[in-house]
$ cat final31.tsv   # TSV, C-alpha atoms
chain	number	residue	atom	x	y	z
A	92	MET	CA	80.10	76.28	60.34
A	93	ARG	CA	81.56	73.39	62.31
A	94	LEU	CA	85.02	74.17	60.89
A	95	PHE	CA	84.56	77.80	62.03
A	96	PHE	CA	83.85	76.67	65.60
A	97	TRP	CA	86.88	74.37	65.74
A	98	ALA	CA	89.17	77.03	64.25
A	99	SER	CA	87.99	79.58	66.83
A	100	TYR	CA	88.59	77.16	69.69
A	101	THR	CA	92.01	76.05	68.52
A	102	PHE	CA	93.52	79.34	67.41
A	103	GLY	CA	92.19	81.26	70.43
A	104	LEU	CA	93.64	78.78	72.90
A	105	LEU	CA	96.99	78.39	71.12
A	106	TRP	CA	97.42	82.15	70.87
A	107	LEU	CA	96.78	82.59	74.60
A	108	LEU	CA	99.11	79.71	75.46
A	109	VAL	CA	102.02	81.09	73.42
A	110	PHE	CA	101.47	84.62	74.72
A	111	VAL	CA	101.46	83.57	78.38
A	112	LEU	CA	104.30	81.03	78.19
A	113	GLN	CA	106.74	83.21	76.25
A	114	GLY	CA	105.88	86.43	78.07
A	115	GLY	CA	105.86	84.57	81.37
A	116	ARG	CA	109.55	83.70	81.06
A	117	TYR	CA	110.37	87.40	80.92
A	118	VAL	CA	108.09	88.27	83.84
A	119	ARG	CA	109.62	85.48	85.94
A	120	ARG	CA	113.04	87.07	85.49
A	121	SER	CA	111.72	90.30	86.98
A	122	LEU	CA	110.35	88.37	89.97
A	123	THR	CA	113.41	86.20	90.64
A	124	TRP	CA	116.20	88.66	89.75
A	125	ARG	CA	118.62	89.40	92.60
A	126	SER	CA	120.99	92.33	92.72
A	127	PRO	CA	124.59	91.06	92.35
A	128	SER	CA	127.38	92.11	94.67
A	129	PRO	CA	129.39	95.10	93.42
A	130	SER	CA	132.46	94.08	91.41
A	131	ALA	CA	135.59	95.76	90.11
A	132	GLU	CA	134.22	95.48	86.57
A	133	GLU	CA	131.07	97.29	87.72
A	134	ASP	CA	133.15	100.14	89.13
A	135	ARG	CA	135.02	100.51	85.85
A	136	LEU	CA	131.90	100.98	83.72
A	137	PRO	CA	131.67	104.56	82.38
A	138	TRP	CA	128.38	105.47	84.06
A	139	PRO	CA	127.25	108.74	82.44
A	140	PRO	CA	125.53	111.51	84.42
A	141	ALA	CA	121.78	110.89	84.47
A	142	ALA	CA	118.72	112.97	85.27
A	143	LEU	CA	115.41	111.56	86.53
A	144	LEU	CA	112.37	113.65	85.60
A	145	VAL	CA	109.39	112.89	87.81
A	146	PRO	CA	106.07	114.68	87.19
A	147	LEU	CA	103.58	114.29	90.02
A	148	THR	CA	100.34	115.51	91.48
A	149	GLY	CA	98.50	114.69	94.68
A	150	ARG	CA	99.77	112.55	97.51
A	151	ASP	CA	98.80	109.50	99.52
A	152	GLN	CA	100.33	107.35	102.27
A	153	GLN	CA	102.80	105.73	99.86
A	154	THR	CA	104.04	108.82	98.03
A	155	ARG	CA	106.85	109.63	100.48
A	156	SER	CA	108.41	106.17	100.23
A	157	CYS	CA	108.13	106.32	96.43
A	158	LEU	CA	109.97	109.65	96.25
A	159	VAL	CA	112.64	108.58	98.73
A	160	SER	CA	113.30	105.40	96.73
A	161	LEU	CA	114.17	107.51	93.67
A	162	LEU	CA	116.50	109.71	95.73
A	163	THR	CA	118.46	106.80	97.22
A	164	GLN	CA	119.59	104.85	94.15
A	165	ASN	CA	123.05	103.28	94.00
A	166	TYR	CA	123.83	105.05	90.71
A	167	PRO	CA	127.06	107.08	91.03
A	168	ASP	CA	126.06	110.38	89.39
A	169	TYR	CA	122.45	111.43	89.00
A	170	THR	CA	119.96	114.10	89.95
A	171	VAL	CA	116.18	114.03	90.36
A	172	VAL	CA	113.82	116.77	89.17
A	173	PHE	CA	110.31	116.66	90.65
A	174	ILE	CA	107.73	118.73	88.76
A	175	THR	CA	104.29	119.83	89.97
A	176	ALA	CA	101.80	122.04	88.15
A	177	ASP	CA	101.46	124.67	90.89
A	178	LEU	CA	102.28	125.51	94.49
A	179	ASN	CA	98.81	124.50	95.68
A	180	ASP	CA	99.25	120.89	94.58
A	181	PRO	CA	99.27	118.60	97.64
A	182	ALA	CA	102.49	117.05	96.33
A	183	THR	CA	104.43	120.32	96.47
A	184	ASP	CA	104.93	120.49	100.24
A	185	LEU	CA	105.81	116.81	100.37
A	186	VAL	CA	108.43	117.14	97.63
A	187	ARG	CA	110.11	120.05	99.39
A	188	GLU	CA	110.06	118.21	102.70
A	189	VAL	CA	111.63	115.09	101.18
A	190	LEU	CA	114.28	117.14	99.37
A	191	ARG	CA	115.35	118.70	102.66
A	192	GLU	CA	116.07	115.20	103.95
A	193	HIS	CA	117.59	113.89	100.70
A	194	PRO	CA	119.13	116.87	98.85
A	195	ARG	CA	119.89	115.10	95.57
A	196	GLY	CA	117.32	116.89	93.47
A	197	ARG	CA	115.19	119.93	92.96
A	198	HIS	CA	111.57	120.95	92.59
A	199	VAL	CA	110.10	122.76	89.58
A	200	VAL	CA	106.67	124.36	89.20
A	201	SER	CA	105.49	124.05	85.60
A	202	GLY	CA	102.22	125.99	85.46
A	203	PRO	CA	99.09	124.81	83.62
A	204	ALA	CA	99.33	123.08	80.24
A	205	VAL	CA	97.53	124.68	77.30
A	206	SER	CA	98.65	122.73	74.21
A	207	CYS	CA	99.51	119.27	75.55
A	208	SER	CA	98.81	117.00	78.50
A	209	GLN	CA	99.77	118.27	81.94
A	210	LYS	CA	102.25	115.40	82.32
A	211	ASN	CA	104.00	116.30	79.07
A	212	HIS	CA	104.04	119.95	80.10
A	213	ASN	CA	105.60	119.02	83.45
A	214	LEU	CA	108.29	116.91	81.78
A	215	LEU	CA	109.17	119.75	79.41
A	216	ALA	CA	109.43	122.17	82.34
A	217	GLY	CA	111.81	119.76	84.04
A	218	LEU	CA	113.93	119.48	80.90
A	219	LYS	CA	114.34	123.25	80.76
A	220	VAL	CA	116.15	123.42	84.11
A	221	LEU	CA	118.72	120.77	83.17
A	222	GLY	CA	122.11	121.90	81.99
A	223	ARG	CA	124.04	120.07	79.28
A	224	THR	CA	125.64	117.65	81.75
A	225	PRO	CA	123.16	114.75	81.97
A	226	GLU	CA	123.85	112.41	79.08
A	227	VAL	CA	120.98	110.10	79.99
A	228	LEU	CA	117.37	111.12	80.55
A	229	VAL	CA	115.16	108.91	82.69
A	230	PHE	CA	111.41	109.42	82.95
A	231	CYS	CA	109.64	108.07	86.02
A	232	ASP	CA	106.29	108.23	87.75
A	233	ALA	CA	105.93	109.14	91.42
A	234	ASN	CA	103.63	106.35	92.59
A	235	HIS	CA	106.05	103.42	92.39
A	236	VAL	CA	108.71	102.19	94.83
A	237	ALA	CA	112.06	101.67	93.11
A	238	PRO	CA	114.63	99.12	94.36
A	239	ARG	CA	118.12	100.56	94.86
A	240	HIS	CA	119.45	98.88	91.72
A	241	PHE	CA	116.63	100.19	89.49
A	242	LEU	CA	118.41	103.14	87.87
A	243	GLN	CA	121.67	101.30	87.33
A	244	GLU	CA	119.96	98.34	85.66
A	245	LEU	CA	117.80	100.60	83.49
A	246	VAL	CA	120.82	102.54	82.23
A	247	ARG	CA	123.19	99.56	81.91
A	248	PRO	CA	122.20	98.61	78.29
A	249	LEU	CA	122.86	102.23	77.25
A	250	VAL	CA	126.32	102.09	78.86
A	251	MET	CA	127.10	98.73	77.26
A	252	GLY	CA	126.06	99.99	73.82
A	253	GLU	CA	123.22	97.45	73.59
A	254	ALA	CA	120.42	99.98	73.05
A	255	LEU	CA	119.60	103.65	72.62
A	256	MET	CA	116.49	103.44	74.79
A	257	THR	CA	115.40	101.06	77.56
A	258	THR	CA	112.24	100.52	79.52
A	259	GLY	CA	111.28	98.84	82.75
A	260	PHE	CA	107.82	98.13	84.09
A	261	HIS	CA	105.95	97.66	87.34
A	262	ARG	CA	103.93	95.16	89.32
A	263	ILE	CA	100.97	95.80	91.55
A	264	VAL	CA	101.46	95.15	95.27
A	265	PRO	CA	97.87	94.58	96.47
A	266	GLY	CA	96.92	96.13	99.77
A	267	ASP	CA	93.61	94.24	99.79
A	268	PHE	CA	91.84	91.43	97.97
A	269	ARG	CA	89.05	93.54	96.49
A	270	LEU	CA	88.23	92.38	92.98
A	271	PRO	CA	89.04	95.74	91.29
A	272	THR	CA	92.43	95.80	93.07
A	273	LEU	CA	93.24	92.26	91.96
A	274	GLY	CA	91.81	93.03	88.52
A	275	MET	CA	94.29	95.88	88.16
A	276	LEU	CA	97.04	93.46	89.19
A	277	VAL	CA	95.91	91.04	86.47
A	278	THR	CA	95.67	93.78	83.82
A	279	VAL	CA	99.13	95.19	84.59
A	280	LEU	CA	100.55	91.67	84.60
A	281	ILE	CA	99.08	90.99	81.16
A	282	ILE	CA	100.66	94.18	79.80
A	283	HIS	CA	103.95	93.09	81.40
A	284	LEU	CA	103.76	89.85	79.39
A	285	CYS	CA	104.05	91.94	76.22
A	286	HIS	CA	107.66	92.75	77.16
A	287	GLY	CA	108.51	89.11	76.53
A	288	HIS	CA	107.54	89.49	72.86
A	289	ALA	CA	109.92	91.59	70.75
A	290	GLY	CA	107.19	92.97	68.49
A	291	LEU	CA	104.98	94.10	71.38
A	292	VAL	CA	107.49	96.01	73.55
A	293	GLN	CA	106.69	99.69	74.04
A	294	PRO	CA	108.42	102.24	76.29
A	295	TRP	CA	106.56	102.81	79.53
A	296	GLY	CA	106.52	106.36	80.87
A	297	GLY	CA	107.00	105.18	84.45
A	298	ALA	CA	110.50	103.83	83.74
A	299	THR	CA	112.18	104.80	80.47
A	300	ALA	CA	115.82	105.77	79.85
A	301	ILE	CA	117.12	107.29	76.63
A	302	ARG	CA	120.31	108.85	75.37
A	303	ARG	CA	119.86	112.60	75.39
A	304	SER	CA	121.34	112.91	71.91
A	305	VAL	CA	118.66	110.56	70.54
A	306	PHE	CA	115.94	112.39	72.46
A	307	GLU	CA	116.93	115.71	70.91
A	308	GLN	CA	117.81	114.39	67.45
A	309	TYR	CA	114.27	113.16	66.89
A	310	GLN	CA	112.69	116.32	68.35
A	311	ILE	CA	110.81	114.61	71.16
A	312	PRO	CA	110.40	117.88	73.16
A	313	ARG	CA	108.59	119.45	70.22
A	314	LEU	CA	106.40	116.35	69.86
A	315	TRP	CA	105.50	116.30	73.56
A	316	GLY	CA	104.56	119.97	73.41
A	317	ILE	CA	101.48	119.21	71.28
A	318	THR	CA	100.48	115.65	72.26
A	319	VAL	CA	98.41	114.02	74.98
A	320	VAL	CA	100.81	111.43	76.37
A	321	ASP	CA	104.54	110.91	76.67
A	322	ASP	CA	105.39	107.23	76.21
A	323	VAL	CA	103.06	106.32	73.31
A	324	ALA	CA	104.11	109.47	71.43
A	325	LEU	CA	107.76	108.56	72.03
A	326	ALA	CA	107.15	104.98	70.88
A	327	ARG	CA	105.48	106.05	67.66
A	328	ARG	CA	108.16	108.60	66.76
A	329	LEU	CA	111.10	106.26	67.36
A	330	LYS	CA	109.35	103.35	65.68
A	331	GLN	CA	109.12	105.48	62.55
A	332	HIS	CA	112.92	105.71	62.67
A	333	ARG	CA	113.32	101.98	63.45
A	334	ILE	CA	114.71	102.57	66.93
A	335	ARG	CA	113.65	99.79	69.26
A	336	VAL	CA	113.30	99.94	72.99
A	337	LYS	CA	115.07	97.27	75.05
A	338	PRO	CA	113.05	95.88	77.99
A	339	VAL	CA	114.98	95.42	81.23
A	340	ALA	CA	113.48	92.78	83.49
A	341	ALA	CA	115.54	93.89	86.50
A	342	ALA	CA	114.14	97.45	86.30
A	343	CYS	CA	110.79	96.50	87.80
A	344	LEU	CA	109.03	98.84	90.23
A	345	ASP	CA	106.51	98.03	92.96
A	346	THR	CA	103.16	99.84	92.87
A	347	PRO	CA	101.28	99.74	96.18
A	348	LEU	CA	97.54	99.65	95.52
A	349	ALA	CA	94.53	99.36	97.79
A	350	GLY	CA	90.90	100.40	97.53
A	351	GLN	CA	90.84	100.36	93.74
A	352	THR	CA	87.36	101.00	92.33
A	353	LEU	CA	85.78	99.41	89.29
A	354	SER	CA	85.14	102.80	87.69
A	355	GLY	CA	88.74	103.92	88.28
A	356	TRP	CA	90.07	100.73	86.74
A	357	LEU	CA	87.73	101.03	83.76
A	358	THR	CA	88.67	104.67	83.18
A	359	TRP	CA	92.39	103.89	83.33
A	360	LEU	CA	92.18	101.00	80.85
A	361	THR	CA	89.94	102.94	78.47
A	362	ARG	CA	92.53	105.71	78.46
A	363	GLN	CA	95.26	103.21	77.49
A	364	PHE	CA	93.17	102.07	74.53
A	365	LEU	CA	92.49	105.68	73.54
A	366	TYR	CA	96.22	106.38	73.37
A	367	VAL	CA	96.58	103.51	70.92
A	368	LYS	CA	93.54	104.71	68.97
A	369	TYR	CA	94.93	108.18	68.36
A	370	PHE	CA	98.61	107.33	67.89
A	371	MET	CA	98.42	103.88	66.27
A	372	PRO	CA	94.99	103.56	64.65
A	373	GLY	CA	96.03	100.46	62.70
A	374	THR	CA	96.92	98.64	65.92
A	375	TRP	CA	93.71	99.86	67.52
A	376	LEU	CA	91.63	98.49	64.65
A	377	ALA	CA	93.55	95.20	64.71
A	378	THR	CA	92.57	94.80	68.37
A	379	VAL	CA	89.15	93.81	67.04
A	380	PHE	CA	90.62	90.41	66.18
A	381	LEU	CA	92.09	90.06	69.66
A	382	ALA	CA	88.72	90.95	71.19
A	383	TYR	CA	87.09	88.40	68.93
A	384	PHE	CA	89.28	85.54	70.15
A	385	LEU	CA	88.82	86.65	73.74
A	386	VAL	CA	85.03	86.79	73.45
A	387	VAL	CA	83.71	84.40	70.81
A	388	PRO	CA	85.41	81.07	71.74
A	389	PRO	CA	84.47	81.27	75.46
A	390	LEU	CA	80.89	82.20	74.59
A	391	LEU	CA	80.73	79.37	72.05
A	392	ALA	CA	82.00	76.95	74.67
A	393	LEU	CA	79.48	78.13	77.24
A	394	GLY	CA	76.75	77.88	74.61
A	395	ALA	CA	77.86	74.35	73.76
A	396	LEU	CA	77.59	73.25	77.39
A	397	LEU	CA	74.20	74.87	77.80
A	398	GLY	CA	73.01	73.40	74.51
A	399	GLY	CA	74.24	69.98	75.54
A	400	ALA	CA	72.38	70.20	78.84
A	401	LEU	CA	69.19	71.06	76.95
A	402	GLY	CA	69.78	68.46	74.24
A	403	LEU	CA	70.21	71.09	71.53
A	404	THR	CA	73.83	70.35	70.48
A	405	SER	CA	75.73	67.19	69.58
A	406	TRP	CA	77.80	65.40	72.20
A	407	GLY	CA	80.98	66.14	70.22
A	408	PHE	CA	80.39	69.87	70.18
A	409	THR	CA	79.41	69.82	73.84
A	410	LEU	CA	82.54	67.85	74.74
A	411	ALA	CA	84.71	70.28	72.77
A	412	GLY	CA	83.21	73.21	74.64
A	413	GLY	CA	83.82	71.54	77.99
A	414	VAL	CA	87.43	70.68	77.14
A	415	TYR	CA	88.06	74.23	75.92
A	416	LEU	CA	86.75	75.74	79.17
A	417	LEU	CA	88.79	73.31	81.27
A	418	LEU	CA	91.96	74.20	79.36
A	419	LEU	CA	91.15	77.89	79.72
A	420	LEU	CA	90.66	77.39	83.46
A	421	GLY	CA	94.00	75.59	83.71
A	422	LEU	CA	95.73	78.43	81.85
A	423	ALA	CA	94.20	80.99	84.20
A	424	MET	CA	95.32	78.99	87.24
A	425	GLY	CA	98.83	78.58	85.83
A	426	PHE	CA	98.95	82.31	85.13
A	427	ARG	CA	98.60	82.84	88.88
A	428	ILE	CA	102.24	81.83	89.51
A	429	LEU	CA	103.33	85.04	87.78
A	430	ALA	CA	101.60	87.22	90.38
A	431	PRO	CA	104.23	88.97	92.57
A	432	TYR	CA	102.44	87.84	95.73
A	433	PRO	CA	100.29	84.77	96.51
A	434	ILE	CA	96.63	85.34	95.66
A	435	PRO	CA	93.97	82.85	96.89
A	436	TRP	CA	92.49	80.98	93.94
A	437	ASP	CA	88.94	81.84	95.01
A	438	ARG	CA	89.83	85.53	94.53
A	439	TRP	CA	92.14	85.03	91.56
A	440	LEU	CA	89.63	83.39	89.22
A	441	PRO	CA	86.91	86.04	89.73
A	442	ALA	CA	89.56	88.74	89.23
A	443	VAL	CA	90.70	87.16	85.94
A	444	THR	CA	87.09	86.87	84.79
A	445	LEU	CA	86.37	90.48	85.70
A	446	ALA	CA	89.56	91.59	83.92
A	447	TRP	CA	88.29	89.82	80.80
A	448	LEU	CA	85.01	91.75	80.99
A	449	VAL	CA	86.69	95.10	81.72
A	450	PHE	CA	89.16	94.63	78.85
A	451	ASN	CA	86.43	94.13	76.29
A	452	TRP	CA	84.15	96.84	77.69
A	453	SER	CA	87.02	99.37	77.78
A	454	TYR	CA	87.92	98.65	74.19
A	455	LEU	CA	84.28	98.94	73.13
A	456	LYS	CA	84.03	102.35	74.81
A	457	THR	CA	86.84	103.74	72.66
A	458	TRP	CA	84.62	103.39	69.59
A	459	CYS	CA	82.15	105.95	70.89
A	460	THR	CA	84.25	108.61	72.60
A	461	ARG	CA	86.40	111.44	71.27
A	462	THR	CA	87.65	112.94	74.53
A	463	LEU	CA	90.23	111.74	77.01
A	464	THR	CA	90.18	112.50	80.74
A	465	TRP	CA	93.30	112.30	82.89
A	466	ARG	CA	93.72	113.57	86.45
A	467	GLY	CA	90.50	115.56	86.24
A	468	ILE	CA	91.48	117.35	83.01
A	469	THR	CA	89.63	116.56	79.77
A	470	TYR	CA	91.46	116.72	76.44
A	471	GLN	CA	89.98	116.90	72.97
A	472	VAL	CA	92.40	114.89	70.84
A	473	MET	CA	92.92	114.57	67.10
A	474	TRP	CA	94.58	111.77	65.16
A	475	GLY	CA	98.27	111.61	65.94
A	476	GLY	CA	97.50	112.32	69.59
A	477	ILE	CA	97.56	116.08	69.02
A	478	VAL	CA	95.72	118.05	71.70
A	479	ARG	CA	93.08	120.29	70.21
A	480	LYS	CA	91.65	121.73	73.42
A	481	VAL	CA	92.14	121.44	77.19
A	482	HIS	CA	89.13	121.58	79.53
A	483	ARG	CA	89.83	122.17	83.23
A	484	PRO	CA	87.18	121.77	85.94
$ encode --input "final31.tsv" --output "structure tokens"
Amino acid sequence: MRLFFWASYTFGLLWLLVFVLQGGRYVRRSLTWRSPSPSAEEDRLPWPPAALLVPLTGRDQQTRSCLVSLLTQNYPDYTVVFITADLNDPATDLVREVLREHPRGRHVVSGPAVSCSQKNHNLLAGLKVLGRTPEVLVFCDANHVAPRHFLQELVRPLVMGEALMTTGFHRIVPGDFRLPTLGMLVTVLIIHLCHGHAGLVQPWGGATAIRRSVFEQYQIPRLWGITVVDDVALARRLKQHRIRVKPVAAACLDTPLAGQTLSGWLTWLTRQFLYVKYFMPGTWLATVFLAYFLVVPPLLALGALLGGALGLTSWGFTLAGGVYLLLLLGLAMGFRILAPYPIPWDRWLPAVTLAWLVFNWSYLKTWCTRTLTWRGITYQVMWGGIVRKVHRP
């Protein structure tokens, strides 16, 4: 039993340390990267025509700036297709207004989805209006602000022949210091760390570029027409054909966020786990081991300290628990330097602790639910992510 305790302490801490240090180097590049000055070599690169497909619904104070940022990229030849489900969507009037000011794109109305998620349906509607010209397809979300170099950096590895598909990511720009807002920042940052580990990189639907020939060769439109999400379905299909996505640190978007609620955060993270459950059940089951090392060692350490205070555990076990918690605290504090903006430590530590609780609770919820809710629409999903039924309010 004593050997079990020591193994849990040691392996859990070493795993976290390696994950944060190696992934942190990648995240730091996204924070410190600076756009270089244009060069003659840059001008000579054969930049292919590209199309950005941007499904969206609803609007808030930041939506306009997000849309404008996608329409003002420094890429030489690209178009933007914004897709809403219907004319009554609050985003529709905003899109048309922005396009009058920045006429680089067009607006498409997709109609309601019946056999897949609404986002997938919107993307497919956008694809239908494209001619044969765009050689590169880029899939983006509408709630992130893109720097002017974003599109060029995301497409560069495709132009250089380094990859067939690339992905960027995003960072939360907190508009307040509420714990759920900072907890979302922590959660997104942890997912970003995965891009620093070759075996953990997955395409993210908010910033993915792919050669059109690859997209069509592996019948991604047909796949999206029956599944519940775009990026995880794409990842699974291309992984089956041993096509890897290349992460691009410079293609990092800013996501303004304020007023986040605990329930909204919990729902979002549960949905991410559900995608993994339906598309990659082996990975979902293996997450049990991750949850174990996130839960058991800290609880053992807390139990050791409490037992020591009550005289129920040996001084060695109590000391080991105290050292483990101190090292865990130091790791959490060091993790703070990866946040895109300074966060006071007295808000950071509670946010990290809450993120730990939300992570484990969200994963636990996926064991007892068979439906997935997204943007007010509930989907009944089968294994493989196939949509069985769509329920609209």
$ closest_atom_pairs --input "final31.tsv" --of "segment 331-412 of chain A" --to "segment 221-238 of chain A" --cutoff "7 Å" --atoms "all atoms listed in the file" --output "tab-separated table"
residue	atom	partner	partner_atom	distance
A:Leu344	CA	A:Ala237	CA	5.0
A:Asp345	CA	A:Val236	CA	5.1
A:Thr346	CA	A:His235	CA	4.6
$ residues_around --input "final31.tsv" --residues "His261 of chain A" --least-positions-apart "2" --cutoff "12 Å" --atoms "only C-alpha atoms" --output "NGL selection string"
:A and (118 or 121-122 or 231-232 or 234-238 or 241 or 258-259 or 263-264 or 275-276 or 278-284 or 286 or 295-299 or 338-348 or 430-431)
$ atom_distance --input "final31.tsv" --atom1 "atom CA of His193 of chain A" --atom2 "atom CA of Pro146 of chain A"
17.8 Å
$ axis_aligned_box --input "final31.tsv" --around "segment 322-331 of chain A" --padding-each-side "4 Å" --output "lines of an AutoDock Vina configuration file"
center_x = 107.1
center_y = 106.4
center_z = 69.4
size_x = 16.0
size_y = 14.1
size_z = 21.7
$ closest_residue --input "final31.tsv" --among "A:Val386, A:Gly252, A:Gln310, A:Asn213" --to "Trp447 of chain A" --atoms "all atoms listed in the file"
A:Val386
$ closest_atom_pairs --input "final31.tsv" --of "segment 105-201 of chain A" --to "segment 246-251 of chain A" --cutoff "10 Å" --atoms "all atoms listed in the file" --output "tab-separated table"
residue	atom	partner	partner_atom	distance
A:Leu136	CA	A:Val250	CA	7.5
A:Pro137	CA	A:Val250	CA	6.9
A:Trp138	CA	A:Val250	CA	6.5
A:Pro139	CA	A:Val250	CA	7.6
A:Ala141	CA	A:Val246	CA	8.7
A:Tyr166	CA	A:Val246	CA	9.3
$ write_last_selection --input "final31.tsv" --atoms "C-alpha atoms" --output "PDB file, keeping the file's coordinate frame"
ATOM      1  CA  LEU A 136     131.900 100.980  83.720  1.00  0.00           C
ATOM      2  CA  PRO A 137     131.670 104.560  82.380  1.00  0.00           C
ATOM      3  CA  TRP A 138     128.380 105.470  84.060  1.00  0.00           C
ATOM      4  CA  PRO A 139     127.250 108.740  82.440  1.00  0.00           C
ATOM      5  CA  ALA A 141     121.780 110.890  84.470  1.00  0.00           C
ATOM      6  CA  TYR A 166     123.830 105.050  90.710  1.00  0.00           C
TER       7      TYR A 166
END
$ atom_distance --input "final31.tsv" --atom1 "atom CA of Phe408 of chain A" --atom2 "atom CA of Pro388 of chain A"
12.4 Å
$ atom_distance --input "final31.tsv" --atom1 "atom CA of Gly115 of chain A" --atom2 "atom CA of Leu429 of chain A"
6.9 Å
$ closest_residue --input "final31.tsv" --among "A:Leu410, A:Leu245, A:Val145, A:Val277" --to "Ala423 of chain A" --atoms "all atoms listed in the file"
A:Val277
$ residues_around --input "final31.tsv" --residues "Gly350 of chain A" --least-positions-apart "5" --cutoff "9 Å" --atoms "all atoms listed in the file" --output "number ranges by chain"
A: 266-267, 269, 271-272
$ closest_residue --input "final31.tsv" --among "A:Leu419, A:Cys459, A:Leu448, A:Cys207" --to "Thr101 of chain A" --atoms "all atoms listed in the file"
A:Leu419
$ residues_around --input "final31.tsv" --residues "Ala382 of chain A" --least-positions-apart "6" --cutoff "10 Å" --atoms "all atoms listed in the file" --output "MDAnalysis selection string"
chainID A and resid 447 450:452 454:455
$ write_last_selection --input "final31.tsv" --atoms "C-alpha atoms" --output "mmCIF file, in the coordinates of the input"
data_model
loop_
_atom_site.group_PDB
_atom_site.id
_atom_site.type_symbol
_atom_site.label_atom_id
_atom_site.label_comp_id
_atom_site.auth_asym_id
_atom_site.auth_seq_id
_atom_site.Cartn_x
_atom_site.Cartn_y
_atom_site.Cartn_z
ATOM 1 C CA TRP A 447 88.290 89.820 80.800
ATOM 2 C CA PHE A 450 89.160 94.630 78.850
ATOM 3 C CA ASN A 451 86.430 94.130 76.290
ATOM 4 C CA TRP A 452 84.150 96.840 77.690
ATOM 5 C CA TYR A 454 87.920 98.650 74.190
ATOM 6 C CA LEU A 455 84.280 98.940 73.130
#
$ closest_residue --input "final31.tsv" --among "A:Gly274, A:Gly412, A:Gly402, A:Pro167" --to "Ala442 of chain A" --atoms "only C-alpha atoms"
A:Gly274
$ residues_around --input "final31.tsv" --residues "Leu255 of chain A" --least-positions-apart "4" --cutoff "9 Å" --atoms "all atoms listed in the file" --output "list in words"
Pro248, Leu249, Ala300, Ile301, Arg302, Val305, Ile334, Arg335, Val336 and Lys337 of chain A
$ closest_residue --input "final31.tsv" --among "A:Leu144, A:Ile428, A:Leu158, A:Leu391" --to "Leu112 of chain A" --atoms "all atoms listed in the file"
A:Ile428
$ residues_around --input "final31.tsv" --residues "Ile317 of chain A" --least-positions-apart "6" --cutoff "7 Å" --atoms "all atoms listed in the file" --output "NGL selection string"
:A and (206-207 or 477-478)
$ closest_residue --input "final31.tsv" --among "A:Arg427, A:Arg483, A:Arg313, A:Arg155" --to "Arg187 of chain A" --atoms "only C-alpha atoms"
A:Arg155
